[in-house]
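Structure first, then comments.
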Amino acid sequence: MKRTVFLLTFFFFTFSAFAQLRLPSIFRNNMVLQQQSDVAIWGKGTPDQQLSITTSWDNKRYKTRIKNDSTWFIHVHTPKASYQNYTIVFKSDKEQQMLQNILIGEVWLCCGQSNMRMSLKGYVNQPTNGSQEEIVNSSNNFLRFYTQKQVSSIQQKYDCPGSWTISSPNTTGDFSATAYYFGKLIQKTIDVPVGLIHSSWGGSTIEAWMSPDAMKSFPEFKIPVYTDDRILWKTPSVLYNGMLNAIKGYGMRGVIWYQGEANINAYQLYASQFSIMHKDMIQKWGIGEFPVYFCQLAPYKYEDDSKYKNAFMREVQQRIAQTQSNTGMAVLMDVGDENCIHPANKKQAGERLAYIALGKNYGFDKLSYQSPEFKSIEIKDNQLTVRFNYASDGLTSYGNPLTGFEIAGVDKVFYPAESTLIRVGVVLSSKNVSAPVAVRYAFKDYIKGSLFGVNGLPVSSFRSDNWDDIK
C-alpha cells in the first residue's frame, strides 16, 4: 500500500519526460517567483486542450487554452514576499502535475563573462578569497540559485537546461561568487527570499548576449547563418539565442552584470552597445523598466603594449553609469590583480552591487552606496584642486600615501603629482608643471587605487582631459 501511494505521489509531483504537459527548465521545484507581480508562466502541451493553473498562495485558478503550435502562456499574480512554501498545480484534460517548495521574494538575473562565472570555490590556481569559510556557513533555505547550462546557438532556443538549488555547503561552491555575495547581502538586509538566475560564459562579448533585434543597430557585426563550436561564445546573438531567450519574461527585479574584458579592444562602441542591450532586454522581458547594475573592470596589466585600454574601458563604464538611466556601477579599483584578470576579492564585487540595489530599489535612500566621482578642477597659480560628487562625508586614503595622481600643462606631458587631501577634494602640484591644466588619477591598465570615500568605496580612475592620443 505504501509503495502504491509513493508511486502515485511521484507521478503527481514530477514533470515526466513522457508527459505531454511540459515546462521550461526555469519552472521547477524550489524556484523563487518575483513578489507582488503578474509573473509569466509558459510551457507546451497538447494543442487545443484546456489548461488550468492553481496557485496555493491564493487558491486562485487561472485558465488558458493550449495553442495549435503546442505553446501556452499565462500570467499569475504573486503576493508579498514571505518565508512560506507554496505550490502550483497544472491540470490539462489528461494530466495533473505540481511544482513544490516555491518561494515568493526577489529575483535577479546575474549575467556576464568569466568574472561572473568564477565560482565561490574559485578557478584552478585562482582562488576566491575566504571561500572555504563562506561555503561551510552558506546554509540558507531562503537564498536559491538557478544556473543555466552554457548553450550557444544560431537559432533561438525555447529552453535551456538548468536547475534550482538551495544555498548550502553542497551547492554554493559551484555557484557564481559575485552573484552569491550580492544575493546573500540582499536577502539578509531586506529579510525576504532571494532567487538568483545565473547566465554567464567566460570570454563572451557583449554582442553575444544581445538579441538579433538589438544587433540591427550595429550593421558592422554580421550575424552568421551558421557557425562552429570554436567561436560560438564570441559570435553576435548566440548566447542570447541559447540562454537568455529561454528565460525572457521571467519575473525579476533587475540584472547584475560583470562583463567587458572581451570588448576592451573596441571600448569606443561599448556604451552604445550597453544602452541598446538594456533597452532591448526591457522590451523583450515585458515586465516594465528594470535596472542593470554592473561591475567596472578591475585594474589588470594586459600582455600587449597597452597602458591605457583598461583605463579607457573603465572611463566608458563610468560614463554609462552617469548618463544611462537605471544603471549603477560598482568600482573595483582596490581589488585588481596585475597578473590575473580574475580578482580573488569577489565579496567586494557582489556586495558593492548589493549596496546599489539596496539604495536604489529597496528603500535605503540614506545608505551611502556610491563611490565618489570626479566633478571638476579648479586651477590657481601652480596648484590644481580636484572636486568630487558623492563625497559629502569627505575622502580618505586610510592614512596611506595618496598615489596615482598626475598633472600636465599645455604641453600634454604628465608628471606624478604631490597630493594633499582637503575637505572638499585633493590639491595637486608638481615641480615639473608650473601651470597645470589637466589631471589624471589611476589612469592606467593596472594600478592600485589609493583614494576612497569615507564610506569605504574606491574612487574610479578618471581624467579631466580628452587627449586620447597621449599614451
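Ordered as shown in the C-alpha cells, chains take letters A, B, and onward, while each chain numbers its residues from 1 and ligands are numbered from 1 in the order shown.
The residue set within 10 Å of Gly173 (chain A), counting only C-alpha atoms and dropping same-chain residues fewer than 5 places from it, reads Ser119, Leu120, Lys121, Gly122, Ser131, Gln132, Glu134, Ile135, Val136, Ser138, Ser167, Ser168 and Tyr180 of chain A.
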Resulting file, chosen residues, N, CA and C atoms, as a PDB file, in the first residue's frame:
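The new file result_18.pdb reads:
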```pdb
ATOM      1  N   SER A 119      33.399  30.805  -9.681  1.00  0.00           N
ATOM      2  CA  SER A 119      32.619  30.245  -8.589  1.00  0.00           C
ATOM      3  C   SER A 119      33.198  30.614  -7.235  1.00  0.00           C
ATOM      4  N   LEU A 120      32.418  30.367  -6.212  1.00  0.00           N
ATOM      5  CA  LEU A 120      32.867  30.665  -4.861  1.00  0.00           C
ATOM      6  C   LEU A 120      34.117  29.859  -4.506  1.00  0.00           C
ATOM      7  N   LYS A 121      34.238  28.653  -5.053  1.00  0.00           N
ATOM      8  CA  LYS A 121      35.435  27.857  -4.764  1.00  0.00           C
ATOM      9  C   LYS A 121      36.624  28.260  -5.638  1.00  0.00           C
ATOM     10  N   GLY A 122      36.416  29.131  -6.631  1.00  0.00           N
ATOM     11  CA  GLY A 122      37.494  29.646  -7.455  1.00  0.00           C
ATOM     12  C   GLY A 122      37.779  28.808  -8.682  1.00  0.00           C
ATOM     13  N   SER A 131      36.832  31.653   0.580  1.00  0.00           N
ATOM     14  CA  SER A 131      35.790  30.782   0.046  1.00  0.00           C
ATOM     15  C   SER A 131      35.411  29.641   0.990  1.00  0.00           C
ATOM     16  N   GLN A 132      36.390  29.000   1.621  1.00  0.00           N
ATOM     17  CA  GLN A 132      36.073  27.821   2.425  1.00  0.00           C
ATOM     18  C   GLN A 132      35.169  28.167   3.600  1.00  0.00           C
ATOM     19  N   GLU A 134      33.215  30.736   3.822  1.00  0.00           N
ATOM     20  CA  GLU A 134      31.917  31.159   3.296  1.00  0.00           C
ATOM     21  C   GLU A 134      31.068  29.971   2.906  1.00  0.00           C
ATOM     22  N   ILE A 135      31.684  28.992   2.260  1.00  0.00           N
ATOM     23  CA  ILE A 135      30.938  27.820   1.797  1.00  0.00           C
ATOM     24  C   ILE A 135      30.352  27.042   2.969  1.00  0.00           C
ATOM     25  N   VAL A 136      31.143  26.803   4.004  1.00  0.00           N
ATOM     26  CA  VAL A 136      30.645  25.965   5.111  1.00  0.00           C
ATOM     27  C   VAL A 136      29.589  26.687   5.938  1.00  0.00           C
ATOM     28  N   SER A 138      27.154  28.607   4.504  1.00  0.00           N
ATOM     29  CA  SER A 138      26.243  29.145   3.494  1.00  0.00           C
ATOM     30  C   SER A 138      24.833  28.568   3.516  1.00  0.00           C
ATOM     31  N   SER A 167      20.764  27.298  -1.233  1.00  0.00           N
ATOM     32  CA  SER A 167      22.092  27.629  -0.729  1.00  0.00           C
ATOM     33  C   SER A 167      22.496  26.718   0.427  1.00  0.00           C
ATOM     34  N   SER A 168      23.627  26.047   0.256  1.00  0.00           N
ATOM     35  CA  SER A 168      24.152  25.147   1.284  1.00  0.00           C
ATOM     36  C   SER A 168      25.603  24.849   0.956  1.00  0.00           C
ATOM     37  N   TYR A 180      26.577  35.236  -5.581  1.00  0.00           N
ATOM     38  CA  TYR A 180      26.303  34.747  -4.221  1.00  0.00           C
ATOM     39  C   TYR A 180      26.406  35.879  -3.206  1.00  0.00           C
TER      40      TYR A 180
END
```
What are the DSSP strand (DSSP E) residues of region 175-350 of chain A, as a VMD selection string?
-> chain A and resid 194 to 200 254 to 258 292 to 295 327 to 330
Could those selected residues go to a file with N, CA and C atoms, as a tab-separated table (two decimals), in the first residue's frame?
```tsv
chain	number	residue	atom	x	y	z
A	194	VAL	N	15.39	35.32	-1.74
A	194	VAL	CA	16.04	35.85	-2.93
A	194	VAL	C	16.39	34.70	-3.87
A	195	GLY	N	16.06	34.86	-5.13
A	195	GLY	CA	16.41	33.90	-6.16
A	195	GLY	C	17.36	34.53	-7.16
A	196	LEU	N	18.43	33.83	-7.49
A	196	LEU	CA	19.45	34.32	-8.42
A	196	LEU	C	19.51	33.41	-9.64
A	197	ILE	N	19.33	34.00	-10.81
A	197	ILE	CA	19.43	33.26	-12.07
A	197	ILE	C	20.78	33.58	-12.68
A	198	HIS	N	21.61	32.58	-12.84
A	198	HIS	CA	22.99	32.78	-13.27
A	198	HIS	C	23.18	32.33	-14.72
A	199	SER	N	23.55	33.29	-15.60
A	199	SER	CA	23.80	33.02	-17.01
A	199	SER	C	25.11	33.68	-17.39
A	200	SER	N	26.15	32.90	-17.62
A	200	SER	CA	27.44	33.50	-17.96
A	200	SER	C	28.26	32.56	-18.83
A	254	GLY	N	15.71	42.89	-11.45
A	254	GLY	CA	16.72	43.52	-12.27
A	254	GLY	C	17.86	42.59	-12.61
A	255	VAL	N	18.94	43.18	-13.12
A	255	VAL	CA	20.09	42.43	-13.62
A	255	VAL	C	21.36	42.95	-12.96
A	256	ILE	N	22.27	42.03	-12.60
A	256	ILE	CA	23.63	42.44	-12.29
A	256	ILE	C	24.53	41.86	-13.39
A	257	TRP	N	25.55	42.63	-13.76
A	257	TRP	CA	26.32	42.37	-14.99
A	257	TRP	C	27.80	42.55	-14.69
A	258	TYR	N	28.60	41.55	-15.04
A	258	TYR	CA	30.05	41.64	-14.87
A	258	TYR	C	30.67	41.15	-16.17
A	292	VAL	N	20.06	47.61	-14.73
A	292	VAL	CA	21.23	46.77	-14.90
A	292	VAL	C	22.37	47.43	-14.12
A	293	TYR	N	22.78	46.78	-13.05
A	293	TYR	CA	23.91	47.26	-12.25
A	293	TYR	C	25.13	46.42	-12.61
A	294	PHE	N	26.27	47.07	-12.75
A	294	PHE	CA	27.42	46.34	-13.30
A	294	PHE	C	28.70	46.64	-12.54
A	295	CYS	N	29.66	45.73	-12.69
A	295	CYS	CA	30.99	45.92	-12.12
A	295	CYS	C	31.89	46.61	-13.13
A	327	THR	N	20.91	52.46	-14.29
A	327	THR	CA	22.19	51.76	-14.21
A	327	THR	C	22.91	52.20	-12.93
A	328	GLY	N	23.94	51.45	-12.56
A	328	GLY	CA	24.78	51.78	-11.44
A	328	GLY	C	26.04	50.95	-11.54
A	329	MET	N	27.16	51.46	-11.02
A	329	MET	CA	28.44	50.80	-11.20
A	329	MET	C	29.16	50.58	-9.88
A	330	ALA	N	29.64	49.36	-9.69
A	330	ALA	CA	30.49	49.02	-8.56
A	330	ALA	C	31.94	49.21	-8.97
```
Could you produce a table of the residues of region 104-187 of chain A lying within 12 Å of region 232-247 of chain A, with the nearest pair of atoms per residue and their separation in Å rounded to one decimal, using only C-alpha atoms, ordered by chain and increasing residue number, as CSV?
```
residue,atom,partner,partner_atom,distance
A:Leu109,CA,A:Ile247,CA,9.8
A:Cys110,CA,A:Leu244,CA,11.1
A:Cys111,CA,A:Leu244,CA,9.5
A:Gly112,CA,A:Leu239,CA,10.4
A:Gln113,CA,A:Trp233,CA,9.7
A:Ser114,CA,A:Trp233,CA,11.6
A:Tyr146,CA,A:Ile247,CA,11.1
A:Thr147,CA,A:Met243,CA,10.5
A:Gln148,CA,A:Met243,CA,7.1
A:Lys149,CA,A:Met243,CA,7.9
A:Gln150,CA,A:Met243,CA,7.2
A:Val151,CA,A:Gly242,CA,4.9
A:Ser152,CA,A:Gly242,CA,4.6
A:Ser153,CA,A:Val238,CA,4.7
A:Ile154,CA,A:Val238,CA,5.4
A:Gln155,CA,A:Asn241,CA,6.1
A:Gln156,CA,A:Asn241,CA,4.1
A:Lys157,CA,A:Gly242,CA,5.3
A:Tyr158,CA,A:Ala246,CA,5.0
A:Asp159,CA,A:Ala246,CA,4.6
A:Cys160,CA,A:Met243,CA,5.8
A:Pro161,CA,A:Met243,CA,8.8
A:Gly162,CA,A:Met243,CA,10.0
```
Record the distance separating CA of Gly404 (chain A) and CA of Glu378 (chain A), expressed in Å with one decimal.
->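 Separation between CA of Gly404 (chain A) and CA of Glu378 (chain A): 18.7 Å.
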From the set A:Met210, A:Ile186, A:Ile356, A:Met118, which residue has the shortest atom-to-atom contact distance to Thr172 (chain A), counting only C-alpha atoms?
->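 Closest to Thr172 (chain A), using only C-alpha atoms: A:Met118.
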Near region 318-323 of chain A, within 10 Å and counting only C-alpha atoms, which residues show up once chain neighbours fewer than 6 positions away are dropped, as a PDB file with C-alpha atoms, in the first residue's frame?
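Contents of selection.pdb, freshly written:
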```
ATOM      1  CA  TYR A 270      30.626  49.683 -25.595  1.00  0.00           C
ATOM      2  CA  ALA A 271      28.407  52.446 -24.226  1.00  0.00           C
ATOM      3  CA  SER A 272      26.051  52.329 -27.189  1.00  0.00           C
ATOM      4  CA  PHE A 274      25.177  48.521 -23.440  1.00  0.00           C
ATOM      5  CA  SER A 275      22.374  51.022 -23.930  1.00  0.00           C
ATOM      6  CA  VAL A 292      21.229  46.767 -14.897  1.00  0.00           C
ATOM      7  CA  TYR A 293      23.910  47.261 -12.251  1.00  0.00           C
ATOM      8  CA  PHE A 294      27.420  46.341 -13.298  1.00  0.00           C
ATOM      9  CA  GLN A 296      33.595  48.246 -13.504  1.00  0.00           C
ATOM     10  CA  PHE A 312      39.604  53.795 -21.381  1.00  0.00           C
ATOM     11  CA  MET A 329      28.442  50.800 -11.204  1.00  0.00           C
ATOM     12  CA  ALA A 330      30.491  49.023  -8.557  1.00  0.00           C
ATOM     13  CA  VAL A 331      34.045  50.400  -8.610  1.00  0.00           C
ATOM     14  CA  GLU A 373      33.083  60.655  -8.676  1.00  0.00           C
ATOM     15  CA  SER A 460      37.202  55.315 -10.092  1.00  0.00           C
ATOM     16  CA  SER A 461      40.114  56.184 -12.330  1.00  0.00           C
ATOM     17  CA  PHE A 462      39.407  59.418 -14.208  1.00  0.00           C
TER      18      PHE A 462
END
```
Name the residues in contact with Ala344 (chain A) at a cut-off of 7 Å, using only C-alpha atoms, excluding same-chain residues fewer than 3 positions from it; report them as a compact mmCIF listing (two decimals) with C-alpha atoms, in the first residue's frame.
```txt
# COMPACT_ATOMS: atom_id res chain seq x y z
CA PRO A 127 41.24 31.17 -5.58
CA THR A 128 38.31 33.19 -4.33
CA ASN A 129 39.35 34.80 -1.05
```
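With only C-alpha atoms as the atoms that count, the residue of A:Gly288, A:Leu103, A:Asn345, A:Asp469 with the shortest distance to Ser56 (chain A) is A:Leu103.
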Do a neighbour search on region 88-92 of chain A at 12 Å with only C-alpha atoms, toss out local chain neighbours closer than 5 positions, and write the hits as a count of residues only.
-> 52
Which residue gives the smallest distance to Asn263 (chain A) among A:Lys309, A:Lys248, A:Lys431, A:His278, with only C-alpha atoms counted?
->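 The shortest atom-to-atom distance to Asn263 (chain A) comes from A:Lys309.
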